[in-house]
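*Asks:* Just so it is clear, I am handing over protein.pdb, which has PDB, C-alpha atoms, pLDDT in the B column.
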```pdb
ATOM      1  CA  MET T  22      88.243  93.265 132.352  1.00 54.00           C
ATOM      2  CA  VAL T  23      90.837  92.700 129.631  1.00 61.00           C
ATOM      3  CA  SER T  24      92.504  96.085 130.190  1.00 71.00           C
ATOM      4  CA  ASN T  25      92.721  95.335 133.927  1.00 78.00           C
ATOM      5  CA  TYR T  26      94.435  92.040 133.089  1.00 73.00           C
ATOM      6  CA  TYR T  27      97.044  93.746 130.892  1.00 81.00           C
ATOM      7  CA  PHE T  28      97.508  96.541 133.408  1.00 86.00           C
ATOM      8  CA  LEU T  29      98.253  93.993 136.136  1.00 84.00           C
ATOM      9  CA  ASN T  30     100.888  92.272 133.979  1.00 84.00           C
ATOM     10  CA  VAL T  31     102.534  95.595 133.102  1.00 89.00           C
ATOM     11  CA  ILE T  32     102.674  96.542 136.789  1.00 90.00           C
ATOM     12  CA  ARG T  33     104.141  93.125 137.674  1.00 88.00           C
ATOM     13  CA  PHE T  34     106.739  93.480 134.931  1.00 91.00           C
ATOM     14  CA  ILE T  35     107.843  96.970 136.014  1.00 93.00           C
ATOM     15  CA  LEU T  36     107.852  96.212 139.743  1.00 92.00           C
ATOM     16  CA  LEU T  37     109.784  92.965 139.387  1.00 91.00           C
ATOM     17  CA  VAL T  38     112.405  94.650 137.186  1.00 93.00           C
ATOM     18  CA  LEU T  39     112.746  97.511 139.678  1.00 93.00           C
ATOM     19  CA  VAL T  40     112.921  95.214 142.703  1.00 92.00           C
ATOM     20  CA  GLN T  41     115.524  93.033 140.982  1.00 92.00           C
ATOM     21  CA  VAL T  42     117.674  95.941 139.850  1.00 93.00           C
ATOM     22  CA  LEU T  43     117.414  98.173 142.904  1.00 92.00           C
ATOM     23  CA  VAL T  44     117.373  95.579 145.685  1.00 92.00           C
ATOM     24  CA  PHE T  45     118.411  92.051 144.726  1.00 90.00           C
ATOM     25  CA  ASN T  46     121.266  92.938 142.380  1.00 86.00           C
ATOM     26  CA  LYS T  47     122.893  94.736 145.319  1.00 88.00           C
ATOM     27  CA  LEU T  48     122.639  91.707 147.622  1.00 85.00           C
ATOM     28  CA  ASN T  49     125.430  89.169 147.670  1.00 84.00           C
ATOM     29  CA  PHE T  50     124.905  86.558 150.347  1.00 85.00           C
ATOM     30  CA  PHE T  51     128.191  84.800 151.155  1.00 85.00           C
ATOM     31  CA  GLY T  52     129.816  86.768 148.350  1.00 82.00           C
ATOM     32  CA  PHE T  53     128.189  84.923 145.432  1.00 82.00           C
ATOM     33  CA  ILE T  54     124.478  84.284 146.081  1.00 88.00           C
ATOM     34  CA  ASN T  55     122.433  86.840 144.176  1.00 91.00           C
ATOM     35  CA  PRO T  56     118.680  85.962 144.164  1.00 93.00           C
ATOM     36  CA  MET T  57     116.813  86.481 140.882  1.00 94.00           C
ATOM     37  CA  VAL T  58     113.174  87.065 141.778  1.00 94.00           C
ATOM     38  CA  TYR T  59     112.193  88.506 138.391  1.00 94.00           C
ATOM     39  CA  ILE T  60     111.568  84.902 137.290  1.00 94.00           C
ATOM     40  CA  LEU T  61     108.214  85.254 139.081  1.00 93.00           C
ATOM     41  CA  PHE T  62     106.882  87.203 136.098  1.00 92.00           C
ATOM     42  CA  LEU T  63     107.334  84.145 133.890  1.00 93.00           C
ATOM     43  CA  TYR T  64     105.826  81.952 136.606  1.00 92.00           C
ATOM     44  CA  TRP T  65     102.751  84.179 137.041  1.00 88.00           C
ATOM     45  CA  TYR T  66     102.179  84.844 133.334  1.00 88.00           C
ATOM     46  CA  PRO T  67      98.874  83.304 132.154  1.00 83.00           C
ATOM     47  CA  ILE T  68      99.188  79.848 130.676  1.00 81.00           C
ATOM     48  CA  LYS T  69      96.864  80.077 127.685  1.00 78.00           C
ATOM     49  CA  GLU T  70      98.297  83.282 126.221  1.00 79.00           C
ATOM     50  CA  ASN T  71     100.087  83.588 122.872  1.00 85.00           C
ATOM     51  CA  ARG T  72     103.392  81.716 123.101  1.00 89.00           C
ATOM     52  CA  ALA T  73     105.275  84.042 120.732  1.00 93.00           C
ATOM     53  CA  ALA T  74     104.212  87.062 122.795  1.00 91.00           C
ATOM     54  CA  PHE T  75     105.299  85.234 125.950  1.00 92.00           C
ATOM     55  CA  ILE T  76     108.755  84.519 124.527  1.00 95.00           C
ATOM     56  CA  GLY T  77     108.970  88.154 123.411  1.00 94.00           C
ATOM     57  CA  LEU T  78     108.067  89.333 126.902  1.00 93.00           C
ATOM     58  CA  GLY T  79     110.661  86.950 128.308  1.00 94.00           C
ATOM     59  CA  PHE T  80     113.240  88.586 126.063  1.00 96.00           C
ATOM     60  CA  LEU T  81     112.152  92.085 127.122  1.00 95.00           C
ATOM     61  CA  LEU T  82     112.301  91.080 130.781  1.00 95.00           C
ATOM     62  CA  GLY T  83     115.784  89.642 130.398  1.00 95.00           C
ATOM     63  CA  ILE T  84     117.134  92.513 128.330  1.00 96.00           C
ATOM     64  CA  ALA T  85     115.732  95.035 130.837  1.00 94.00           C
ATOM     65  CA  ILE T  86     117.593  93.279 133.649  1.00 95.00           C
ATOM     66  CA  ASP T  87     120.710  93.056 131.460  1.00 94.00           C
ATOM     67  CA  PHE T  88     120.546  96.752 130.655  1.00 94.00           C
ATOM     68  CA  PHE T  89     120.654  97.714 134.330  1.00 92.00           C
ATOM     69  CA  SER T  90     123.005  94.913 135.406  1.00 91.00           C
ATOM     70  CA  ASP T  91     125.559  95.206 132.580  1.00 88.00           C
ATOM     71  CA  THR T  92     125.519  91.460 131.924  1.00 89.00           C
ATOM     72  CA  MET T  93     125.561  91.389 128.099  1.00 90.00           C
ATOM     73  CA  ALA T  94     122.277  89.554 127.403  1.00 92.00           C
ATOM     74  CA  ILE T  95     122.877  86.607 129.744  1.00 96.00           C
ATOM     75  CA  HIS T  96     119.578  87.258 131.523  1.00 95.00           C
ATOM     76  CA  ALA T  97     117.817  87.567 128.152  1.00 96.00           C
ATOM     77  CA  ALA T  98     119.158  84.204 126.984  1.00 96.00           C
ATOM     78  CA  SER T  99     118.116  82.582 130.257  1.00 97.00           C
ATOM     79  CA  THR T 100     114.592  84.012 130.242  1.00 96.00           C
ATOM     80  CA  ILE T 101     114.047  83.100 126.596  1.00 97.00           C
ATOM     81  CA  THR T 102     115.135  79.542 127.406  1.00 96.00           C
ATOM     82  CA  ILE T 103     112.636  79.103 130.233  1.00 96.00           C
ATOM     83  CA  ALA T 104     109.902  80.873 128.251  1.00 95.00           C
ATOM     84  CA  TYR T 105     110.484  78.420 125.399  1.00 96.00           C
ATOM     85  CA  MET T 106     110.699  75.380 127.684  1.00 95.00           C
ATOM     86  CA  ARG T 107     107.697  76.281 129.873  1.00 92.00           C
ATOM     87  CA  PRO T 108     105.193  74.000 128.060  1.00 89.00           C
ATOM     88  CA  ALA T 109     107.529  71.011 128.400  1.00 91.00           C
ATOM     89  CA  ILE T 110     108.150  71.774 132.077  1.00 92.00           C
ATOM     90  CA  MET T 111     104.408  72.155 132.667  1.00 90.00           C
ATOM     91  CA  ARG T 112     103.678  68.882 130.883  1.00 88.00           C
ATOM     92  CA  PHE T 113     106.293  67.187 133.083  1.00 91.00           C
ATOM     93  CA  VAL T 114     104.925  68.629 136.347  1.00 90.00           C
ATOM     94  CA  PHE T 115     101.161  68.705 135.684  1.00 86.00           C
ATOM     95  CA  GLY T 116     100.808  65.976 133.078  1.00 82.00           C
ATOM     96  CA  VAL T 117      98.237  66.428 130.338  1.00 75.00           C
ATOM     97  CA  ASN T 118      95.958  68.345 132.731  1.00 71.00           C
ATOM     98  CA  PHE T 119      97.554  71.670 131.815  1.00 68.00           C
ATOM     99  CA  GLU T 120      96.443  71.333 128.187  1.00 69.00           C
ATOM    100  CA  PHE T 121      92.763  71.640 129.127  1.00 67.00           C
ATOM    101  CA  GLN T 122      91.118  75.012 128.612  1.00 64.00           C
ATOM    102  CA  SER T 123      90.000  75.277 132.241  1.00 68.00           C
ATOM    103  CA  PHE T 124      93.475  74.644 133.737  1.00 75.00           C
ATOM    104  CA  LYS T 125      94.611  77.200 136.313  1.00 78.00           C
ATOM    105  CA  LEU T 126      97.827  77.183 138.295  1.00 79.00           C
ATOM    106  CA  SER T 127      95.890  78.110 141.431  1.00 76.00           C
ATOM    107  CA  ASN T 128      93.860  74.860 141.170  1.00 79.00           C
ATOM    108  CA  THR T 129      96.949  72.644 141.438  1.00 83.00           C
ATOM    109  CA  THR T 130      98.541  71.317 144.609  1.00 86.00           C
ATOM    110  CA  ARG T 131     101.173  73.350 146.435  1.00 90.00           C
ATOM    111  CA  VAL T 132     103.785  70.636 145.778  1.00 92.00           C
ATOM    112  CA  GLN T 133     103.164  70.867 142.017  1.00 90.00           C
ATOM    113  CA  GLN T 134     103.445  74.667 142.118  1.00 90.00           C
ATOM    114  CA  ILE T 135     106.738  74.512 144.031  1.00 93.00           C
ATOM    115  CA  THR T 136     108.097  71.831 141.677  1.00 95.00           C
ATOM    116  CA  TYR T 137     107.134  73.913 138.652  1.00 94.00           C
ATOM    117  CA  LEU T 138     108.778  77.037 140.090  1.00 95.00           C
ATOM    118  CA  ALA T 139     111.883  75.084 141.133  1.00 96.00           C
ATOM    119  CA  LEU T 140     112.309  73.625 137.636  1.00 96.00           C
ATOM    120  CA  LEU T 141     111.951  77.077 136.052  1.00 96.00           C
ATOM    121  CA  ILE T 142     114.606  78.404 138.441  1.00 97.00           C
ATOM    122  CA  ILE T 143     117.002  75.480 137.884  1.00 97.00           C
ATOM    123  CA  VAL T 144     116.806  75.725 134.084  1.00 97.00           C
ATOM    124  CA  HIS T 145     117.200  79.520 134.226  1.00 97.00           C
ATOM    125  CA  HIS T 146     120.186  79.382 136.568  1.00 97.00           C
ATOM    126  CA  LEU T 147     121.843  76.537 134.696  1.00 96.00           C
ATOM    127  CA  VAL T 148     121.739  78.537 131.452  1.00 96.00           C
ATOM    128  CA  PHE T 149     122.680  81.780 133.214  1.00 96.00           C
ATOM    129  CA  PHE T 150     125.728  80.484 135.092  1.00 95.00           C
ATOM    130  CA  THR T 151     126.919  78.334 132.193  1.00 94.00           C
ATOM    131  CA  LEU T 152     126.954  81.442 129.993  1.00 95.00           C
ATOM    132  CA  GLU T 153     128.451  83.591 132.747  1.00 93.00           C
ATOM    133  CA  ILE T 154     131.353  81.246 133.512  1.00 92.00           C
ATOM    134  CA  PHE T 155     131.514  79.876 129.928  1.00 89.00           C
ATOM    135  CA  SER T 156     133.776  76.979 130.791  1.00 88.00           C
ATOM    136  CA  LEU T 157     132.730  73.436 131.502  1.00 84.00           C
ATOM    137  CA  ALA T 158     136.094  72.944 133.195  1.00 91.00           C
ATOM    138  CA  ASN T 159     134.486  74.824 136.098  1.00 91.00           C
ATOM    139  CA  PHE T 160     131.456  72.533 136.229  1.00 93.00           C
ATOM    140  CA  LEU T 161     131.533  72.281 140.030  1.00 94.00           C
ATOM    141  CA  LEU T 162     131.538  76.077 140.338  1.00 93.00           C
ATOM    142  CA  ILE T 163     128.537  76.249 137.989  1.00 94.00           C
ATOM    143  CA  LEU T 164     126.764  73.570 140.017  1.00 95.00           C
ATOM    144  CA  LYS T 165     127.546  75.344 143.311  1.00 94.00           C
ATOM    145  CA  LYS T 166     126.192  78.654 142.011  1.00 94.00           C
ATOM    146  CA  VAL T 167     123.086  77.022 140.519  1.00 96.00           C
ATOM    147  CA  LEU T 168     122.239  75.204 143.749  1.00 96.00           C
ATOM    148  CA  ALA T 169     123.032  78.058 146.152  1.00 95.00           C
ATOM    149  CA  THR T 170     121.479  80.866 144.122  1.00 95.00           C
ATOM    150  CA  GLY T 171     118.595  78.627 143.077  1.00 96.00           C
ATOM    151  CA  THR T 172     117.764  77.802 146.693  1.00 96.00           C
ATOM    152  CA  ALA T 173     117.849  81.478 147.701  1.00 95.00           C
ATOM    153  CA  THR T 174     115.744  82.419 144.662  1.00 95.00           C
ATOM    154  CA  LEU T 175     113.210  79.671 145.370  1.00 96.00           C
ATOM    155  CA  ILE T 176     112.802  80.723 149.008  1.00 95.00           C
ATOM    156  CA  LEU T 177     112.377  84.395 148.110  1.00 94.00           C
ATOM    157  CA  CYS T 178     109.993  83.601 145.234  1.00 93.00           C
ATOM    158  CA  LEU T 179     107.862  81.467 147.558  1.00 93.00           C
ATOM    159  CA  LEU T 180     107.808  84.302 150.091  1.00 92.00           C
ATOM    160  CA  PHE T 181     106.832  86.835 147.418  1.00 89.00           C
ATOM    161  CA  GLY T 182     104.275  84.435 145.998  1.00 85.00           C
ATOM    162  CA  SER T 183     102.604  83.892 149.356  1.00 85.00           C
ATOM    163  CA  LEU T 184     102.747  87.605 150.135  1.00 84.00           C
ATOM    164  CA  PHE T 185     101.098  88.728 146.887  1.00 71.00           C
ATOM    165  CA  SER T 186      98.763  85.828 146.126  1.00 68.00           C
ATOM    166  CA  VAL T 187      95.005  86.013 146.305  1.00 57.00           C
ATOM    167  CA  ARG T 188      93.661  83.849 149.117  1.00 51.00           C
ATOM    168  CA  LYS T 189      91.251  81.037 148.301  1.00 49.00           C
ATOM    169  CA  GLU T 190      88.602  80.666 150.998  1.00 43.00           C
TER
END
```
How does the structure come out when it is put into structure tokens?
*Replies:*
Amino acid sequence: MVSNYYFLNVIRFILLVLVQVLVFNKLNFFGFINPMVYILFLYWYPIKENRAAFIGLGFLLGIAIDFFSDTMAIHAASTITIAYMRPAIMRFVFGVNFEFQSFKLSNTTRVQQITYLALLIIVHHLVFFTLEIFSLANFLLILKKVLATGTATLILCLLFGSLFSVRKE
């Protein structure tokens, strides 16, 4: 059972990196919207796992995307940030319920799941585009990219999530 669990996470990691690098990095809607669906790995990662390992996996995920995208560790910095902030985001969205041993993301409401995913995406994109542009004089450009790319990423992540989720009957 445990090896199946790790195997599933390795497959998710590899497939999301490949899909991001081979498909979504080539898309540019309206010339600047580039969806980042690899964030789903951090969304789907089990909640009660070792936090240091999770942050390390976030770094590996980001550096793998950076390696193929030639973005000089911007993705790595963004994924480490949301991996580090995930408990605070979860406490904000789910309250103290997420600290119980029996908490599962699948047992929460759809609105809470979307809010959680949206906050992960907003924090990731805010860090990413702030580091990419690296000038607060262009704050409106950063905001435009965060909102436009974040909306596209959220829609695609919700589509992927509904496509690959296990149905509760």
*Asks:* Report the distance between atom CA of T:Gly116 and atom CA of T:Gln133 in Å, rounded to one decimal place.
*Replies:*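 Straight-line distance from atom CA of T:Gly116 to atom CA of T:Gln133 works out to 10.5 Å.
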*Asks:* Counting all atoms listed in the file, what is within 12 Å of T:Leu39, bar same-chain residues fewer than 6 positions away, as a PyMOL selection string?
*Replies:* chain T and resi 32-33+45-47+57-59+82+85-86+88-90
*Asks:* Could you name the residues that touch stretch 26-31 of chain T at 12 Å or less, counting all atoms listed in the file, but leaving out those on the same chain fewer than 4 positions away, as a list in words?
*Replies:*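 Counting only the stated atoms, we get Met22, Ile35, Leu36, Leu37, Val38, Leu61, Phe62, Leu63, Tyr64, Trp65, Tyr66, Pro67, Glu70, Phe75, Leu78, Leu81 and Leu82 of chain T.
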*Asks:* Using Å and a single decimal, report how far atom CA of T:Ala94 sits from atom CA of T:Val44.
*Replies:*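 Straight-line distance from atom CA of T:Val44 to atom CA of T:Ala94 works out to 19.9 Å.
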*Asks:* Which distance in Å separates atom CA of T:Phe34 and atom CA of T:Gly182, to one decimal?
*Replies:*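 Going from atom CA of T:Phe34 over to atom CA of T:Gly182, I get 14.5 Å.
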*Asks:* For the structure shown, which residues end up in the PyMOL selection byres ((chain T and resi 99) around 10)? Put them as a PyMOL selection string, please?
*Replies:* chain T and resi 60+79-80+83+94-98+100-105+142+144-152
*Asks:* When you count all atoms listed in the file, which of these residues is closest to T:Cys178: T:Leu43, T:Val114, T:Ile135, T:Ile143?
*Replies:*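 The closest residue to T:Cys178 is T:Ile135.
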*Asks:* Using only C-alpha atoms for the distances, tell me which of T:Ile154, T:Ile54, T:Ile68, T:Ala173 is nearest to T:Met111.
*Replies:*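 When distances to T:Met111 are compared using only C-alpha atoms, the smallest one comes from T:Ile68.
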*Asks:* Please evaluate the PyMOL selection byres ((chain T and resi 50-53) around 9) against the displayed coordinates and give the resulting residues as a PDB file with C-alpha atoms, in the frame of the given file.
*Replies:*
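What follows is the written file selection_7.pdb:
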```pdb
ATOM      1  CA  LEU T  48     122.639  91.707 147.622  1.00 85.00           C
ATOM      2  CA  ASN T  49     125.430  89.169 147.670  1.00 84.00           C
ATOM      3  CA  ILE T  54     124.478  84.284 146.081  1.00 88.00           C
ATOM      4  CA  ASN T  55     122.433  86.840 144.176  1.00 91.00           C
ATOM      5  CA  PRO T  56     118.680  85.962 144.164  1.00 93.00           C
ATOM      6  CA  LYS T 166     126.192  78.654 142.011  1.00 94.00           C
ATOM      7  CA  ALA T 169     123.032  78.058 146.152  1.00 95.00           C
ATOM      8  CA  THR T 170     121.479  80.866 144.122  1.00 95.00           C
TER       9      THR T 170
END
```
*Asks:* Find the residues with any atom within 9 Å of (101.9, 76.4, 128.1); use all atoms listed in the file and the coordinates as given in the file, and write the answer as number ranges by chain.
*Replies:* T: 67-70, 72, 106-112, 119-120
*Asks:* Since the input is missing atoms, can you rebuild N, CA, C and O atoms for stretch 151-165 of chain T and write them as a short mmCIF file (atom, residue, chain, number, x, y, z; two decimals), in the frame of the given file?
*Replies:*
```cif
data_model
loop_
_atom_site.label_atom_id
_atom_site.label_comp_id
_atom_site.auth_asym_id
_atom_site.auth_seq_id
_atom_site.Cartn_x
_atom_site.Cartn_y
_atom_site.Cartn_z
N THR T 151 126.09 78.94 133.24
CA THR T 151 126.92 78.33 132.19
C THR T 151 127.41 79.41 131.23
O THR T 151 128.57 79.41 130.83
N LEU T 152 126.54 80.35 130.88
CA LEU T 152 126.95 81.44 129.99
C LEU T 152 127.86 82.43 130.71
O LEU T 152 128.77 83.00 130.10
N GLU T 153 127.62 82.65 131.99
CA GLU T 153 128.45 83.59 132.75
C GLU T 153 129.88 83.07 132.91
O GLU T 153 130.85 83.79 132.68
N ILE T 154 130.03 81.82 133.28
CA ILE T 154 131.35 81.25 133.51
C ILE T 154 131.97 80.79 132.19
O ILE T 154 133.16 80.92 131.97
N PHE T 155 131.15 80.26 131.30
CA PHE T 155 131.51 79.88 129.93
C PHE T 155 132.71 78.93 129.87
O PHE T 155 133.59 79.07 129.03
N SER T 156 132.72 77.98 130.80
CA SER T 156 133.78 76.98 130.79
C SER T 156 133.27 75.75 131.54
O SER T 156 132.98 75.83 132.73
N LEU T 157 133.17 74.66 130.84
CA LEU T 157 132.73 73.44 131.50
C LEU T 157 133.83 72.82 132.36
O LEU T 157 133.58 71.88 133.10
N ALA T 158 135.03 73.38 132.30
CA ALA T 158 136.09 72.94 133.20
C ALA T 158 135.75 73.34 134.64
O ALA T 158 136.23 72.72 135.58
N ASN T 159 134.93 74.36 134.78
CA ASN T 159 134.49 74.82 136.10
C ASN T 159 133.07 74.32 136.40
O ASN T 159 132.26 75.05 136.96
N PHE T 160 132.80 73.08 136.05
CA PHE T 160 131.46 72.53 136.23
C PHE T 160 131.00 72.56 137.69
O PHE T 160 129.84 72.85 137.97
N LEU T 161 131.92 72.27 138.61
CA LEU T 161 131.53 72.28 140.03
C LEU T 161 131.19 73.68 140.51
O LEU T 161 130.29 73.86 141.34
N LEU T 162 131.87 74.69 140.00
CA LEU T 162 131.54 76.08 140.34
C LEU T 162 130.15 76.44 139.80
O LEU T 162 129.35 77.07 140.49
N ILE T 163 129.86 76.01 138.57
CA ILE T 163 128.54 76.25 137.99
C ILE T 163 127.47 75.57 138.84
O ILE T 163 126.45 76.18 139.19
N LEU T 164 127.71 74.33 139.20
CA LEU T 164 126.76 73.57 140.02
C LEU T 164 126.55 74.22 141.38
O LEU T 164 125.43 74.33 141.87
N LYS T 165 127.64 74.68 142.01
CA LYS T 165 127.55 75.34 143.31
C LYS T 165 126.70 76.61 143.21
O LYS T 165 125.83 76.86 144.04
#
```
